[in-house]
Amino acid sequence: MKTTNSFLDKILPKFGNARENIPIYCDSQKMFMSSHYTSATGNMYYKGLRFTDRLVMIEKVGLYKNFSYIDSIEIYAFNGEEKVLIGRMDYDKVFYNVDRIKEDATTLIGNYLEDSARITGALMNETQIKHKSTELLQQMYENPIRSAMALKQAYQQLLLAE
């Protein structure tokens, strides 16, 4: 397999050469999909990326025969220079369920907001925390493309750094 440094060759390779790890936006799932691979047993896996200007969520998803399952979700915040893991939820081959993922992600974000408020001495009650965490999560689903630069930076930091 021949690889080059040409941008065009990376996103549109000649027939027979594999595409490099470029995220593709999937409108039906409202997220960018990347890091596809197939295991020795024939199962396919990929990473899904949702983000806003404040948070990034990575979903690790597996496909087996005719169903999808979720392996884990990770939520990161930016501290101005780098990513910081603020929450992670691991699943044991649980069927992919958007509502459950949203609920778990909201809980992780809420826990982070609550801990941060407690440490900094900010006043946030439980209702405010729930409302803000739901709002932050909804932003990931409603407007996944903030800017081309934000995508480039988030993608480089989160998906290629492994």
# chains A, B, ... in the order shown; residues from 1 in each chain; ligands from 1

call {"tool": "residues_around", "arguments": {"residues": "range 117-133 of chain A", "least_positions_apart": "6", "cutoff": "8 Å", "atoms": "only C-alpha atoms", "output": "list in words"}}
result
Thr106, Thr107, Ile109 and Gly110 of chain A

call {"tool": "select_by_dssp", "arguments": {"residues": "range 11-150 of chain A", "states": "strand (DSSP E or B)", "output": "VMD selection string"}}
result
chain A and resid 24 to 26 31 to 38 44 to 51 55 to 64 67 to 78 83 to 95

call {"tool": "atom_distance", "arguments": {"atom1": "CA of Leu137 in chain A", "atom2": "CA of Phe78 in chain A"}}
result
15.2 Å

call {"tool": "closest_residue", "arguments": {"among": "A:Phe32, A:Phe67, A:Val61, A:Thr134", "to": "Glu103 in chain A", "atoms": "only C-alpha atoms"}}
result
A:Thr134

call {"tool": "select_by_dssp", "arguments": {"residues": "range 2-148 of chain A", "states": "alpha helix (DSSP H)", "output": "MDAnalysis selection string"}}
result
chainID A and resid 7:11 98:120 126:142 148

call {"tool": "write_last_selection", "arguments": {"atoms": "N, CA and C atoms", "output": "compact mmCIF listing (two decimals), in the first residue's frame"}}
result
# COMPACT_ATOMS: atom_id res chain seq x y z
N PHE A 7 -2.55 15.83 0.68
CA PHE A 7 -3.86 15.89 1.30
C PHE A 7 -4.89 15.15 0.45
N LEU A 8 -4.84 15.34 -0.85
CA LEU A 8 -5.78 14.68 -1.75
C LEU A 8 -5.63 13.16 -1.69
N ASP A 9 -4.41 12.67 -1.62
CA ASP A 9 -4.19 11.22 -1.53
C ASP A 9 -4.71 10.65 -0.21
N LYS A 10 -4.70 11.47 0.83
CA LYS A 10 -5.18 11.00 2.13
C LYS A 10 -6.71 10.89 2.16
N ILE A 11 -7.40 11.86 1.58
CA ILE A 11 -8.87 11.83 1.65
C ILE A 11 -9.51 11.13 0.47
N VAL A 98 -29.44 5.34 22.47
CA VAL A 98 -29.13 6.77 22.53
C VAL A 98 -29.62 7.38 23.84
N ASP A 99 -30.81 7.03 24.28
CA ASP A 99 -31.35 7.61 25.50
C ASP A 99 -30.49 7.26 26.72
N ARG A 100 -30.04 6.01 26.79
CA ARG A 100 -29.19 5.60 27.91
C ARG A 100 -27.85 6.33 27.87
N ILE A 101 -27.27 6.47 26.68
CA ILE A 101 -25.99 7.17 26.54
C ILE A 101 -26.14 8.62 26.95
N LYS A 102 -27.24 9.26 26.51
CA LYS A 102 -27.48 10.65 26.90
C LYS A 102 -27.64 10.78 28.41
N GLU A 103 -28.37 9.87 29.01
CA GLU A 103 -28.59 9.90 30.46
C GLU A 103 -27.26 9.74 31.21
N ASP A 104 -26.46 8.76 30.79
CA ASP A 104 -25.17 8.53 31.46
C ASP A 104 -24.21 9.70 31.25
N ALA A 105 -24.20 10.27 30.04
CA ALA A 105 -23.33 11.42 29.76
C ALA A 105 -23.76 12.63 30.57
N THR A 106 -25.07 12.84 30.70
CA THR A 106 -25.58 13.95 31.51
C THR A 106 -25.15 13.78 32.96
N THR A 107 -25.19 12.57 33.47
CA THR A 107 -24.75 12.30 34.84
C THR A 107 -23.27 12.59 35.01
N LEU A 108 -22.45 12.16 34.04
CA LEU A 108 -21.00 12.42 34.12
C LEU A 108 -20.70 13.91 34.10
N ILE A 109 -21.37 14.64 33.21
CA ILE A 109 -21.17 16.09 33.13
C ILE A 109 -21.65 16.76 34.42
N GLY A 110 -22.80 16.33 34.92
CA GLY A 110 -23.34 16.88 36.17
C GLY A 110 -22.41 16.64 37.35
N ASN A 111 -21.82 15.44 37.43
CA ASN A 111 -20.87 15.14 38.51
C ASN A 111 -19.66 16.07 38.44
N TYR A 112 -19.18 16.30 37.22
CA TYR A 112 -18.04 17.20 37.04
C TYR A 112 -18.40 18.62 37.46
N LEU A 113 -19.57 19.11 37.04
CA LEU A 113 -20.00 20.46 37.41
C LEU A 113 -20.16 20.58 38.93
N GLU A 114 -20.74 19.57 39.55
CA GLU A 114 -20.94 19.59 41.00
C GLU A 114 -19.61 19.62 41.74
N ASP A 115 -18.67 18.76 41.33
CA ASP A 115 -17.36 18.72 41.97
C ASP A 115 -16.61 20.03 41.77
N SER A 116 -16.68 20.58 40.56
CA SER A 116 -16.00 21.85 40.28
C SER A 116 -16.60 22.99 41.08
N ALA A 117 -17.91 23.01 41.19
CA ALA A 117 -18.58 24.05 41.97
C ALA A 117 -18.18 23.96 43.44
N ARG A 118 -18.11 22.74 43.95
CA ARG A 118 -17.74 22.54 45.35
C ARG A 118 -16.30 23.01 45.60
N ILE A 119 -15.39 22.67 44.68
CA ILE A 119 -13.98 23.03 44.85
C ILE A 119 -13.76 24.54 44.75
N THR A 120 -14.44 25.17 43.81
CA THR A 120 -14.24 26.61 43.60
C THR A 120 -15.10 27.47 44.51
N GLU A 126 -28.80 21.67 42.79
CA GLU A 126 -28.98 20.45 41.99
C GLU A 126 -29.76 20.71 40.70
N THR A 127 -30.75 21.56 40.76
CA THR A 127 -31.55 21.88 39.57
C THR A 127 -30.72 22.60 38.52
N GLN A 128 -29.90 23.55 38.96
CA GLN A 128 -29.03 24.27 38.02
C GLN A 128 -28.02 23.34 37.37
N ILE A 129 -27.46 22.44 38.14
CA ILE A 129 -26.47 21.49 37.62
C ILE A 129 -27.12 20.58 36.59
N LYS A 130 -28.30 20.07 36.91
CA LYS A 130 -29.01 19.19 35.97
C LYS A 130 -29.35 19.93 34.68
N HIS A 131 -29.84 21.16 34.80
CA HIS A 131 -30.20 21.95 33.63
C HIS A 131 -28.97 22.25 32.77
N LYS A 132 -27.87 22.65 33.39
CA LYS A 132 -26.66 23.01 32.64
C LYS A 132 -26.04 21.78 31.98
N SER A 133 -26.01 20.65 32.67
CA SER A 133 -25.43 19.44 32.07
C SER A 133 -26.28 18.94 30.90
N THR A 134 -27.59 19.04 31.01
CA THR A 134 -28.48 18.67 29.90
C THR A 134 -28.28 19.60 28.72
N GLU A 135 -28.15 20.89 29.00
CA GLU A 135 -27.93 21.88 27.95
C GLU A 135 -26.60 21.63 27.22
N LEU A 136 -25.53 21.36 27.97
CA LEU A 136 -24.23 21.09 27.36
C LEU A 136 -24.27 19.83 26.49
N LEU A 137 -24.96 18.81 26.95
CA LEU A 137 -25.06 17.58 26.17
C LEU A 137 -25.87 17.81 24.89
N GLN A 138 -26.98 18.54 25.00
CA GLN A 138 -27.81 18.79 23.82
C GLN A 138 -27.05 19.54 22.74
N GLN A 139 -26.14 20.41 23.14
CA GLN A 139 -25.34 21.13 22.16
C GLN A 139 -24.50 20.18 21.31
N MET A 140 -24.07 19.07 21.88
CA MET A 140 -23.29 18.09 21.12
C MET A 140 -24.14 17.42 20.04
N TYR A 141 -25.42 17.26 20.30
CA TYR A 141 -26.31 16.59 19.35
C TYR A 141 -26.91 17.56 18.34
N GLU A 142 -27.11 18.82 18.71
CA GLU A 142 -27.78 19.76 17.83
C GLU A 142 -26.86 20.45 16.85
N ALA A 148 -14.37 24.58 11.41
CA ALA A 148 -13.41 23.64 10.85
C ALA A 148 -12.17 23.56 11.73

call {"tool": "closest_residue", "arguments": {"among": "A:Tyr96, A:Leu63, A:Ser28, A:Leu49", "to": "Tyr76 in chain A", "atoms": "only C-alpha atoms"}}
result
A:Leu49

call {"tool": "residues_around", "arguments": {"residues": "Tyr45 in chain A", "least_positions_apart": "3", "cutoff": "9 Å", "atoms": "only C-alpha atoms", "output": "list in words"}}
result
Ser35, His36, Tyr37, Thr38, Ser39, Lys60, Val61, Gly62, Leu63 and Tyr64 of chain A

call {"tool": "write_last_selection", "arguments": {"atoms": "C-alpha atoms", "output": "CSV table (one decimal), in the first residue's frame"}}
result
chain,number,residue,atom,x,y,z
A,35,SER,CA,-11.0,4.7,13.6
A,36,HIS,CA,-12.9,1.9,11.9
A,37,TYR,CA,-11.4,-1.6,12.2
A,38,THR,CA,-12.5,-5.2,11.9
A,39,SER,CA,-11.4,-7.7,14.5
A,60,LYS,CA,-16.6,3.5,21.3
A,61,VAL,CA,-19.1,1.4,19.4
A,62,GLY,CA,-19.1,-2.2,18.2
A,63,LEU,CA,-21.1,-3.8,15.4
A,64,TYR,CA,-21.8,-7.5,15.5

call {"tool": "atom_distance", "arguments": {"atom1": "CA of Glu82 in chain A", "atom2": "CA of Tyr69 in chain A"}}
result
29.4 Å

call {"tool": "residues_around", "arguments": {"residues": "Lys47 in chain A", "least_positions_apart": "4", "cutoff": "12 Å", "atoms": "only C-alpha atoms", "output": "short mmCIF file (atom, residue, chain, number, x, y, z; two decimals) with N, CA and C atoms, in the first residue's frame"}}
result
data_model
loop_
_atom_site.label_atom_id
_atom_site.label_comp_id
_atom_site.auth_asym_id
_atom_site.auth_seq_id
_atom_site.Cartn_x
_atom_site.Cartn_y
_atom_site.Cartn_z
N ASN A 21 -6.98 7.85 8.35
CA ASN A 21 -7.96 7.99 9.42
C ASN A 21 -8.59 9.39 9.44
N ILE A 22 -9.54 9.63 8.53
CA ILE A 22 -10.22 10.91 8.40
C ILE A 22 -11.65 10.73 8.93
N PRO A 23 -12.11 11.60 9.83
CA PRO A 23 -13.48 11.43 10.34
C PRO A 23 -14.52 11.76 9.28
N ILE A 24 -15.61 11.04 9.33
CA ILE A 24 -16.72 11.24 8.40
C ILE A 24 -17.95 11.58 9.24
N TYR A 25 -18.65 12.64 8.86
CA TYR A 25 -19.84 13.02 9.61
C TYR A 25 -21.01 12.14 9.19
N CYS A 26 -21.66 11.53 10.18
CA CYS A 26 -22.83 10.69 9.95
C CYS A 26 -24.05 11.45 10.46
N MET A 31 -22.92 12.54 14.60
CA MET A 31 -21.55 12.53 15.12
C MET A 31 -20.58 12.19 14.00
N PHE A 32 -19.32 12.51 14.25
CA PHE A 32 -18.26 12.12 13.35
C PHE A 32 -17.85 10.70 13.69
N MET A 33 -17.57 9.91 12.66
CA MET A 33 -17.17 8.52 12.86
C MET A 33 -15.74 8.35 12.36
N SER A 34 -14.93 7.62 13.14
CA SER A 34 -13.53 7.46 12.79
C SER A 34 -13.01 6.16 13.39
N SER A 35 -11.75 5.88 13.07
CA SER A 35 -11.03 4.72 13.62
C SER A 35 -11.78 3.41 13.41
N HIS A 36 -12.21 3.15 12.20
CA HIS A 36 -12.87 1.88 11.89
C HIS A 36 -11.84 0.76 11.83
N TYR A 37 -12.19 -0.37 12.38
CA TYR A 37 -11.37 -1.56 12.18
C TYR A 37 -12.23 -2.79 12.37
N MET A 57 -17.19 14.36 23.46
CA MET A 57 -17.57 13.02 23.89
C MET A 57 -17.16 12.02 22.82
N ILE A 58 -16.47 10.98 23.25
CA ILE A 58 -16.07 9.91 22.35
C ILE A 58 -16.87 8.66 22.73
N GLU A 59 -17.55 8.10 21.73
CA GLU A 59 -18.27 6.85 21.92
C GLU A 59 -17.49 5.75 21.22
N LYS A 60 -17.24 4.67 21.91
CA LYS A 60 -16.60 3.52 21.29
C LYS A 60 -17.70 2.49 21.05
N VAL A 61 -17.94 2.18 19.77
CA VAL A 61 -19.09 1.39 19.35
C VAL A 61 -18.63 0.13 18.63
N GLY A 62 -19.32 -0.97 18.86
CA GLY A 62 -19.05 -2.22 18.16
C GLY A 62 -20.27 -2.66 17.37
N LEU A 63 -20.01 -3.25 16.22
CA LEU A 63 -21.08 -3.80 15.38
C LEU A 63 -20.88 -5.31 15.29
N TYR A 69 -23.52 -2.21 19.66
CA TYR A 69 -23.43 -2.09 21.11
C TYR A 69 -22.40 -1.03 21.45
N ILE A 70 -22.51 -0.52 22.66
CA ILE A 70 -21.62 0.53 23.13
C ILE A 70 -20.59 -0.08 24.07
N ASP A 71 -19.31 0.20 23.81
CA ASP A 71 -18.24 -0.28 24.69
C ASP A 71 -17.96 0.72 25.81
N SER A 72 -17.91 2.01 25.45
CA SER A 72 -17.63 3.03 26.46
C SER A 72 -17.93 4.42 25.91
N ILE A 73 -18.08 5.36 26.83
CA ILE A 73 -18.12 6.77 26.47
C ILE A 73 -17.09 7.48 27.34
N GLU A 74 -16.46 8.47 26.76
CA GLU A 74 -15.49 9.30 27.47
C GLU A 74 -15.86 10.76 27.20
N TYR A 155 -9.95 16.67 16.79
CA TYR A 155 -9.63 15.39 16.16
C TYR A 155 -8.16 15.03 16.41
N LEU A 158 -7.70 14.17 20.27
CA LEU A 158 -8.43 13.06 20.87
C LEU A 158 -8.32 11.74 20.15
N LEU A 159 -8.30 11.76 18.84
CA LEU A 159 -8.35 10.49 18.12
C LEU A 159 -6.98 10.02 17.64
N LEU A 160 -6.11 10.93 17.28
CA LEU A 160 -4.82 10.52 16.75
C LEU A 160 -3.76 10.39 17.83
#

call {"tool": "closest_residue", "arguments": {"among": "A:Arg54, A:Lys30, A:Tyr46, A:Ser68", "to": "Phe95 in chain A", "atoms": "only C-alpha atoms"}}
result
A:Ser68
